[in-house]
$ cat run.cif   # mmCIF, C-alpha atoms
data_upload
loop_
_atom_site.label_atom_id
_atom_site.label_comp_id
_atom_site.auth_asym_id
_atom_site.auth_seq_id
_atom_site.Cartn_x
_atom_site.Cartn_y
_atom_site.Cartn_z
CA MET H 1 203.72 16.76 -164.08
CA PRO H 2 207.17 15.44 -163.10
CA THR H 3 210.08 15.96 -165.44
CA THR H 4 212.46 13.00 -165.57
CA THR H 5 215.52 11.51 -167.20
CA SER H 6 216.65 7.92 -166.88
CA THR H 7 220.24 7.38 -165.74
CA ARG H 8 221.76 5.72 -162.71
CA ASN H 9 220.44 7.35 -159.50
CA HIS H 10 217.06 8.86 -158.80
CA LEU H 11 216.47 12.04 -156.82
CA VAL H 12 212.96 13.49 -156.42
CA LEU H 13 212.85 17.24 -155.75
CA VAL H 14 209.85 18.86 -154.03
CA HIS H 15 209.33 22.63 -153.90
CA GLY H 16 208.10 24.84 -151.08
CA LEU H 17 204.99 26.97 -150.62
CA CYS H 18 203.82 28.97 -153.66
CA HIS H 19 206.69 27.64 -155.79
CA GLY H 20 206.94 24.81 -158.33
CA ALA H 21 209.29 22.34 -159.98
CA TRP H 22 210.77 25.29 -161.89
CA CYS H 23 212.78 26.46 -158.85
CA TRP H 24 215.03 23.37 -159.14
CA TYR H 25 216.15 24.07 -162.71
CA LYS H 26 219.79 24.77 -161.81
CA VAL H 27 220.11 21.76 -159.50
CA MET H 28 218.41 19.48 -162.02
CA THR H 29 220.88 20.59 -164.69
CA ASP H 30 223.90 19.93 -162.46
CA LEU H 31 222.67 16.54 -161.26
CA ARG H 32 221.74 15.36 -164.73
CA SER H 33 225.12 16.48 -166.05
CA ALA H 34 226.67 14.26 -163.36
CA GLY H 35 224.67 11.29 -164.65
CA HIS H 36 221.90 11.13 -162.07
CA ARG H 37 218.23 10.51 -162.70
CA VAL H 38 216.21 13.49 -161.43
CA SER H 39 212.51 14.25 -161.09
CA ALA H 40 210.98 17.55 -159.99
CA VAL H 41 207.29 17.46 -159.07
CA ASP H 42 204.68 20.23 -159.28
CA LEU H 43 202.40 19.75 -156.28
CA GLY H 44 198.67 20.44 -156.61
CA GLY H 45 197.88 23.96 -157.81
CA SER H 46 201.60 24.79 -158.02
CA GLY H 47 203.98 25.53 -160.87
CA VAL H 48 202.36 24.41 -164.12
CA HIS H 49 199.98 21.97 -162.45
CA PRO H 50 196.68 22.48 -164.33
CA ILE H 51 194.38 22.75 -161.29
CA ARG H 52 193.76 26.20 -159.80
CA PRO H 53 195.07 26.72 -156.25
CA ASP H 54 191.56 27.42 -154.93
CA GLU H 55 190.49 23.97 -156.13
CA ILE H 56 193.06 22.30 -153.86
CA THR H 57 191.09 21.95 -150.63
CA THR H 58 193.04 19.30 -148.68
CA PHE H 59 196.65 18.42 -148.09
CA SER H 60 195.94 15.10 -149.82
CA ASP H 61 194.92 17.04 -152.93
CA TYR H 62 198.08 19.11 -152.63
CA ILE H 63 200.51 16.17 -152.48
CA HIS H 64 198.54 13.97 -154.89
CA PRO H 65 201.00 14.53 -157.79
CA LEU H 66 203.87 13.35 -155.58
CA ILE H 67 201.92 10.32 -154.35
CA ARG H 68 200.92 9.44 -157.91
CA PHE H 69 204.52 9.72 -159.02
CA LEU H 70 205.79 7.44 -156.24
CA GLU H 71 203.04 4.94 -157.03
CA SER H 72 204.41 4.74 -160.58
CA LEU H 73 207.82 3.50 -159.43
CA SER H 74 208.78 -0.11 -159.95
CA ALA H 75 208.72 -2.33 -156.87
CA ASP H 76 212.52 -2.42 -156.55
CA GLU H 77 213.16 1.29 -157.19
CA ARG H 78 214.31 3.56 -154.36
CA VAL H 79 214.56 7.33 -154.39
CA VAL H 80 216.12 10.19 -152.47
CA LEU H 81 213.29 12.56 -151.51
CA VAL H 82 214.33 16.22 -151.23
CA GLY H 83 211.92 18.76 -149.75
CA HIS H 84 212.44 22.52 -149.52
CA SER H 85 210.75 24.63 -146.82
CA TYR H 86 207.02 23.72 -146.72
CA GLY H 87 207.91 20.82 -149.01
CA GLY H 88 209.32 19.08 -145.94
CA LEU H 89 205.75 18.27 -144.93
CA ALA H 90 204.99 16.83 -148.37
CA ILE H 91 207.96 14.48 -148.36
CA SER H 92 207.25 13.46 -144.73
CA LEU H 93 203.82 12.11 -145.59
CA ALA H 94 205.21 10.52 -148.74
CA MET H 95 207.88 8.77 -146.63
CA GLU H 96 205.15 7.50 -144.31
CA ARG H 97 203.21 6.07 -147.22
CA PHE H 98 206.14 4.62 -149.19
CA PRO H 99 208.87 3.69 -146.68
CA GLN H 100 210.03 0.85 -148.92
CA SER H 101 210.68 3.27 -151.79
CA VAL H 102 212.66 6.00 -150.01
CA SER H 103 216.33 5.54 -149.12
CA VAL H 104 216.67 8.94 -147.39
CA GLY H 105 214.71 12.16 -146.91
CA VAL H 106 216.55 15.47 -147.30
CA PHE H 107 215.00 18.54 -145.65
CA ILE H 108 216.34 21.88 -146.89
CA THR H 109 215.52 24.71 -144.43
CA ALA H 110 212.24 22.84 -144.05
CA TYR H 111 209.61 21.64 -141.65
CA MET H 112 210.66 18.17 -140.51
CA PRO H 113 208.00 16.75 -138.17
CA ASN H 114 208.55 14.08 -135.54
CA CYS H 115 206.52 10.94 -134.93
CA ARG H 116 205.06 12.13 -131.60
CA ASP H 117 203.18 15.27 -132.50
CA PRO H 118 200.93 16.39 -135.35
CA PRO H 119 203.03 18.10 -138.06
CA ALA H 120 201.07 21.32 -137.51
CA LEU H 121 202.86 21.91 -134.21
CA GLN H 122 206.03 23.07 -135.96
CA MET H 123 203.96 25.35 -138.20
CA THR H 124 202.10 26.74 -135.20
CA LYS H 125 205.39 27.59 -133.48
CA TYR H 126 206.64 29.23 -136.66
CA PHE H 127 203.61 31.50 -136.99
CA LYS H 128 203.57 32.26 -133.26
CA ASN H 129 207.12 33.62 -133.47
CA LEU H 130 206.61 35.40 -136.81
CA LYS H 131 206.72 39.18 -136.47
CA PRO H 132 203.94 40.88 -138.49
CA GLU H 133 206.35 43.35 -140.10
CA MET H 134 208.24 40.42 -141.64
CA ASN H 135 205.24 39.65 -143.86
CA MET H 136 205.74 42.90 -145.78
CA ASP H 137 203.48 42.91 -148.87
CA CYS H 138 202.32 39.28 -148.60
CA ARG H 139 198.57 38.73 -148.45
CA PHE H 140 197.13 36.17 -146.04
CA THR H 141 193.66 34.73 -145.52
CA PHE H 142 192.65 33.43 -142.09
CA LYS H 143 190.25 30.81 -140.76
CA ASN H 144 189.37 30.73 -137.05
CA GLY H 145 192.33 33.00 -136.37
CA SER H 146 194.86 30.72 -138.11
CA PRO H 147 196.53 31.43 -141.47
CA GLU H 148 194.80 29.57 -144.28
CA SER H 149 196.55 30.76 -147.45
CA ALA H 150 199.22 33.17 -148.65
CA GLU H 151 200.21 35.16 -151.70
CA LEU H 152 203.84 36.25 -151.69
CA GLY H 153 204.46 39.90 -152.51
CA ASP H 154 207.20 41.18 -154.81
CA SER H 155 208.98 43.11 -152.04
CA TYR H 156 208.86 40.07 -149.78
CA LEU H 157 210.37 37.89 -152.53
CA ALA H 158 213.17 40.38 -153.16
CA THR H 159 213.98 41.18 -149.53
CA MET H 160 213.23 37.95 -147.63
CA MET H 161 213.49 35.05 -150.07
CA TYR H 162 215.66 35.92 -153.06
CA GLN H 163 218.13 38.40 -151.59
CA ASN H 164 220.99 35.93 -152.15
CA CYS H 165 219.92 35.01 -155.69
CA GLN H 166 220.59 36.40 -159.15
CA PRO H 167 218.18 39.07 -160.50
CA GLU H 168 216.98 36.71 -163.23
CA ASP H 169 215.92 34.16 -160.58
CA LEU H 170 213.83 36.78 -158.82
CA ALA H 171 212.28 37.81 -162.14
CA LEU H 172 211.44 34.16 -162.86
CA ALA H 173 209.83 33.76 -159.45
CA LYS H 174 207.68 36.87 -159.91
CA THR H 175 206.22 35.39 -163.09
CA LEU H 176 205.61 31.86 -161.75
CA ILE H 177 204.68 32.22 -158.06
CA ARG H 178 201.12 31.07 -157.26
CA PRO H 179 199.02 31.33 -154.06
CA GLY H 180 199.60 28.58 -151.50
CA HIS H 181 197.60 26.95 -148.70
CA PHE H 182 198.82 25.85 -145.26
CA PHE H 183 196.27 23.08 -144.51
CA LEU H 184 196.73 23.50 -140.77
CA ASP H 185 193.54 21.56 -140.00
CA ASP H 186 194.71 18.56 -142.00
CA MET H 187 198.17 18.68 -140.45
CA SER H 188 196.78 18.88 -136.90
CA LYS H 189 195.61 15.26 -136.91
CA ASP H 190 197.33 12.73 -134.64
CA SER H 191 199.23 9.71 -135.94
CA LEU H 192 199.93 11.09 -139.41
CA LEU H 193 203.50 9.85 -139.03
CA THR H 194 204.64 6.63 -137.35
CA SER H 195 207.99 5.43 -136.06
CA ASP H 196 207.89 2.15 -137.97
CA ARG H 197 207.35 3.84 -141.34
CA TYR H 198 208.41 7.51 -141.52
CA GLY H 199 210.62 7.04 -138.47
CA SER H 200 212.45 4.10 -140.04
CA ILE H 201 213.90 6.19 -142.89
CA SER H 202 217.18 8.10 -142.61
CA ARG H 203 216.80 11.89 -142.64
CA VAL H 204 219.26 14.66 -143.45
CA TYR H 205 218.69 18.31 -142.54
CA VAL H 206 220.27 21.10 -144.59
CA LEU H 207 220.55 24.22 -142.46
CA CYS H 208 220.61 27.43 -144.51
CA GLU H 209 222.41 30.24 -142.74
CA GLY H 210 221.23 33.75 -143.49
CA ASP H 211 217.67 32.54 -144.17
CA ARG H 212 215.22 35.37 -143.43
CA VAL H 213 212.12 33.23 -143.99
CA MET H 214 212.91 30.28 -141.70
CA ASP H 215 215.67 31.78 -139.58
CA GLU H 216 218.50 29.78 -138.12
CA GLU H 217 216.93 29.71 -134.65
CA PHE H 218 213.78 28.09 -136.01
CA GLN H 219 215.74 25.63 -138.14
CA ARG H 220 217.69 24.57 -135.03
CA PHE H 221 214.41 24.14 -133.16
CA VAL H 222 213.21 21.79 -135.93
CA ILE H 223 216.46 19.80 -135.71
CA GLU H 224 216.11 19.49 -131.92
CA ASP H 225 212.39 18.66 -132.17
CA SER H 226 212.97 15.88 -134.71
CA PRO H 227 216.65 14.87 -134.71
CA PRO H 228 217.91 13.74 -138.14
CA ASN H 229 220.77 11.38 -138.92
CA GLU H 230 222.97 14.25 -140.04
CA VAL H 231 222.98 18.03 -140.38
CA LYS H 232 224.81 20.07 -143.01
CA SER H 233 225.11 23.87 -142.82
CA PHE H 234 225.49 26.19 -145.80
CA PRO H 235 226.74 29.66 -144.77
CA GLY H 236 225.24 32.57 -146.69
CA ALA H 237 222.69 30.43 -148.49
CA GLY H 238 219.52 32.34 -147.62
CA HIS H 239 216.16 30.65 -148.12
CA MET H 240 216.46 29.68 -151.80
CA LEU H 241 219.56 27.50 -151.57
CA MET H 242 218.81 25.68 -154.82
CA LEU H 243 219.12 29.00 -156.66
CA SER H 244 221.72 30.83 -154.58
CA MET H 245 224.20 27.91 -154.28
CA PRO H 246 223.05 25.31 -156.84
CA LYS H 247 226.43 23.68 -157.41
CA ASP H 248 227.11 23.34 -153.68
CA ILE H 249 223.79 21.66 -152.91
CA SER H 250 224.07 19.51 -156.04
CA LEU H 251 227.45 18.19 -154.90
CA TYR H 252 226.09 17.52 -151.42
CA LEU H 253 223.07 15.67 -152.80
CA GLN H 254 225.47 13.49 -154.78
CA GLU H 255 227.31 12.72 -151.54
CA ILE H 256 224.02 11.74 -149.94
CA VAL H 257 223.17 9.42 -152.84
CA ALA H 258 226.52 7.68 -152.32
CA ARG H 259 226.10 7.37 -148.54
CA TYR H 260 222.48 6.19 -148.53
CA PRO H 261 222.24 3.67 -151.38
#
$ encode --input "run.cif" --output "structure tokens"
Amino acid sequence: MPTTTSTRNHLVLVHGLCHGAWCWYKVMTDLRSAGHRVSAVDLGGSGVHPIRPDEITTFSDYIHPLIRFLESLSADERVVLVGHSYGGLAISLAMERFPQSVSVGVFITAYMPNCRDPPALQMTKYFKNLKPEMNMDCRFTFKNGSPESAELGDSYLATMMYQNCQPEDLALAKTLIRPGHFFLDDMSKDSLLTSDRYGSISRVYVLCEGDRVMDEEFQRFVIEDSPPNEVKSFPGAGHMLMLSMPKDISLYLQEIVARYP
């Protein structure tokens, strides 16, 4: 369930694959201390969401907590949607469904689909370029030759994801990580995103340098494939920017709130 406080501005934070609302705890603390209203959502089968991951069979099931949360907003309330990594797909479909409620979408080293192609095309390119040795001790399941789900291994977390983070953040992740699904079939459908809804909302891309999961070359491909309104680079951030540089991203999110009222 979302965790919220009620102050003057509202940011909604969405985690990436296998993670949960917990990964935003540093950013939530900083933003709330600055007087902002913040919500972090556990997507289906993630974080402390009560449903088991194997019971989440569609992407609609997966993003249902986010959709339900946005449905609960008052008619005149607008939010800043922030998606990390795979969470970029979640906020994209939420932007398509609630264009009147979203002032700007922020994509942190994330998938950021365009309005022309099915969102799965960016994922397909990612997996096509992924070297098998980079998966380390992760465990994947496949369907018709395409990746269906993943469990992140401890060595992978330490070497690829959390190498720029504090040891306590890695320890937290090892206790809270859950299996995740890719939903490639669902994301391969045409016309999931349209120019008059998703395409009408301002988008910001946060490029994380030193990211070993979604490397800089792939992030730049995403930016070229679906040009945002602005791009901000964070040198030395690695993949888990919200944990490695929480104060820096918190300050930047506050700038975004001010620029996209």
$ resolve_selection --input "run.cif" --expression "the PyMOL selection byres ((chain H and resi 21-26) around 9)" --output "VMD selection string"
chain H and resid 1 to 3 13 to 15 19 to 20 27 to 31 39 to 43 46 to 48 169 172 to 173 176 240 242 to 243 246 to 247 250
$ axis_aligned_box --input "run.cif" --around "region 254-259 of chain H" --padding-each-side "6 Å" --output "AutoDock Vina command-line options"
--center_x 225.2 --center_y 10.4 --center_z -151.7 --size_x 16.1 --size_y 18.1 --size_z 18.2
$ residues_around --input "run.cif" --residues "Gly180 (chain H)" --least-positions-apart "2" --cutoff "10 Å" --atoms "only C-alpha atoms" --output "ChimeraX atom specification"
/H:16-19,44-46,53-54,56,62,140,148-152,177-178,182-183
$ residues_around --input "run.cif" --residues "region 154-161 of chain H" --least-positions-apart "5" --cutoff "12 Å" --atoms "only C-alpha atoms" --output "PyMOL selection string"
chain H and resi 16-19+85+109+133-139+166-177+208+210-215+237-244
$ resolve_selection --input "run.cif" --expression "the PyMOL selection byres ((chain H and resi 126) around 12)" --output "mmCIF file with C-alpha atoms, in the frame of the given file"
data_model
loop_
_atom_site.group_PDB
_atom_site.id
_atom_site.type_symbol
_atom_site.label_atom_id
_atom_site.label_comp_id
_atom_site.auth_asym_id
_atom_site.auth_seq_id
_atom_site.Cartn_x
_atom_site.Cartn_y
_atom_site.Cartn_z
ATOM 1 C CA SER H 85 210.750 24.630 -146.820
ATOM 2 C CA TYR H 86 207.020 23.720 -146.720
ATOM 3 C CA ALA H 110 212.240 22.840 -144.050
ATOM 4 C CA TYR H 111 209.610 21.640 -141.650
ATOM 5 C CA PRO H 119 203.030 18.100 -138.060
ATOM 6 C CA ALA H 120 201.070 21.320 -137.510
ATOM 7 C CA LEU H 121 202.860 21.910 -134.210
ATOM 8 C CA GLN H 122 206.030 23.070 -135.960
ATOM 9 C CA MET H 123 203.960 25.350 -138.200
ATOM 10 C CA THR H 124 202.100 26.740 -135.200
ATOM 11 C CA LYS H 125 205.390 27.590 -133.480
ATOM 12 C CA PHE H 127 203.610 31.500 -136.990
ATOM 13 C CA LYS H 128 203.570 32.260 -133.260
ATOM 14 C CA ASN H 129 207.120 33.620 -133.470
ATOM 15 C CA LEU H 130 206.610 35.400 -136.810
ATOM 16 C CA LYS H 131 206.720 39.180 -136.470
ATOM 17 C CA SER H 146 194.860 30.720 -138.110
ATOM 18 C CA PRO H 147 196.530 31.430 -141.470
ATOM 19 C CA VAL H 213 212.120 33.230 -143.990
ATOM 20 C CA MET H 214 212.910 30.280 -141.700
ATOM 21 C CA ASP H 215 215.670 31.780 -139.580
ATOM 22 C CA GLU H 216 218.500 29.780 -138.120
ATOM 23 C CA GLU H 217 216.930 29.710 -134.650
ATOM 24 C CA PHE H 218 213.780 28.090 -136.010
ATOM 25 C CA GLN H 219 215.740 25.630 -138.140
ATOM 26 C CA PHE H 221 214.410 24.140 -133.160
ATOM 27 C CA VAL H 222 213.210 21.790 -135.930
#
$ resolve_selection --input "run.cif" --expression "the PyMOL selection byres ((chain H and resi 207) around 7)" --output "list in words"
Ile108, Thr109, Tyr205, Val206, Cys208, Glu209, Gln219, Val231, Lys232, Ser233 and Phe234 of chain H
$ atom_distance --input "run.cif" --atom1 "CA of Val204 (chain H)" --atom2 "CA of Val104 (chain H)"
7.4 Å
$ closest_residue --input "run.cif" --among "H:Leu70, H:Pro65, H:Phe107, H:Arg116" --to "Thr194 (chain H)" --atoms "all atoms listed in the file"
H:Arg116
$ residues_near_point --input "run.cif" --point "(227.7, 9.8, -154.2)" --cutoff "12 Å" --atoms "only C-alpha atoms" --output "PyMOL selection string"
chain H and resi 8-11+31+34-36+80+250-261
$ closest_residue --input "run.cif" --among "H:Gly236, H:Leu93, H:Pro228, H:Gly87" --to "Gln163 (chain H)" --atoms "only C-alpha atoms"
H:Gly236
$ closest_residue --input "run.cif" --among "H:Leu89, H:Val102, H:Cys165, H:Leu193" --to "Phe59 (chain H)" --atoms "all atoms listed in the file"
H:Leu89
$ atom_distance --input "run.cif" --atom1 "CA of Ser92 (chain H)" --atom2 "CA of Asp190 (chain H)"
14.2 Å
$ atom_distance --input "run.cif" --atom1 "CA of Gly153 (chain H)" --atom2 "CA of Pro118 (chain H)"
29.3 Å
$ closest_residue --input "run.cif" --among "H:Ile249, H:Val12, H:Ile223, H:Val82" --to "Met112 (chain H)" --atoms "only C-alpha atoms"
H:Ile223
$ closest_residue --input "run.cif" --among "H:Ser200, H:Ser101, H:Thr57, H:Asn229" --to "Ser72 (chain H)" --atoms "all atoms listed in the file"
H:Ser101
$ closest_residue --input "run.cif" --among "H:Tyr198, H:Pro179, H:Glu71, H:Val79" --to "Glu55 (chain H)" --atoms "all atoms listed in the file"
H:Pro179
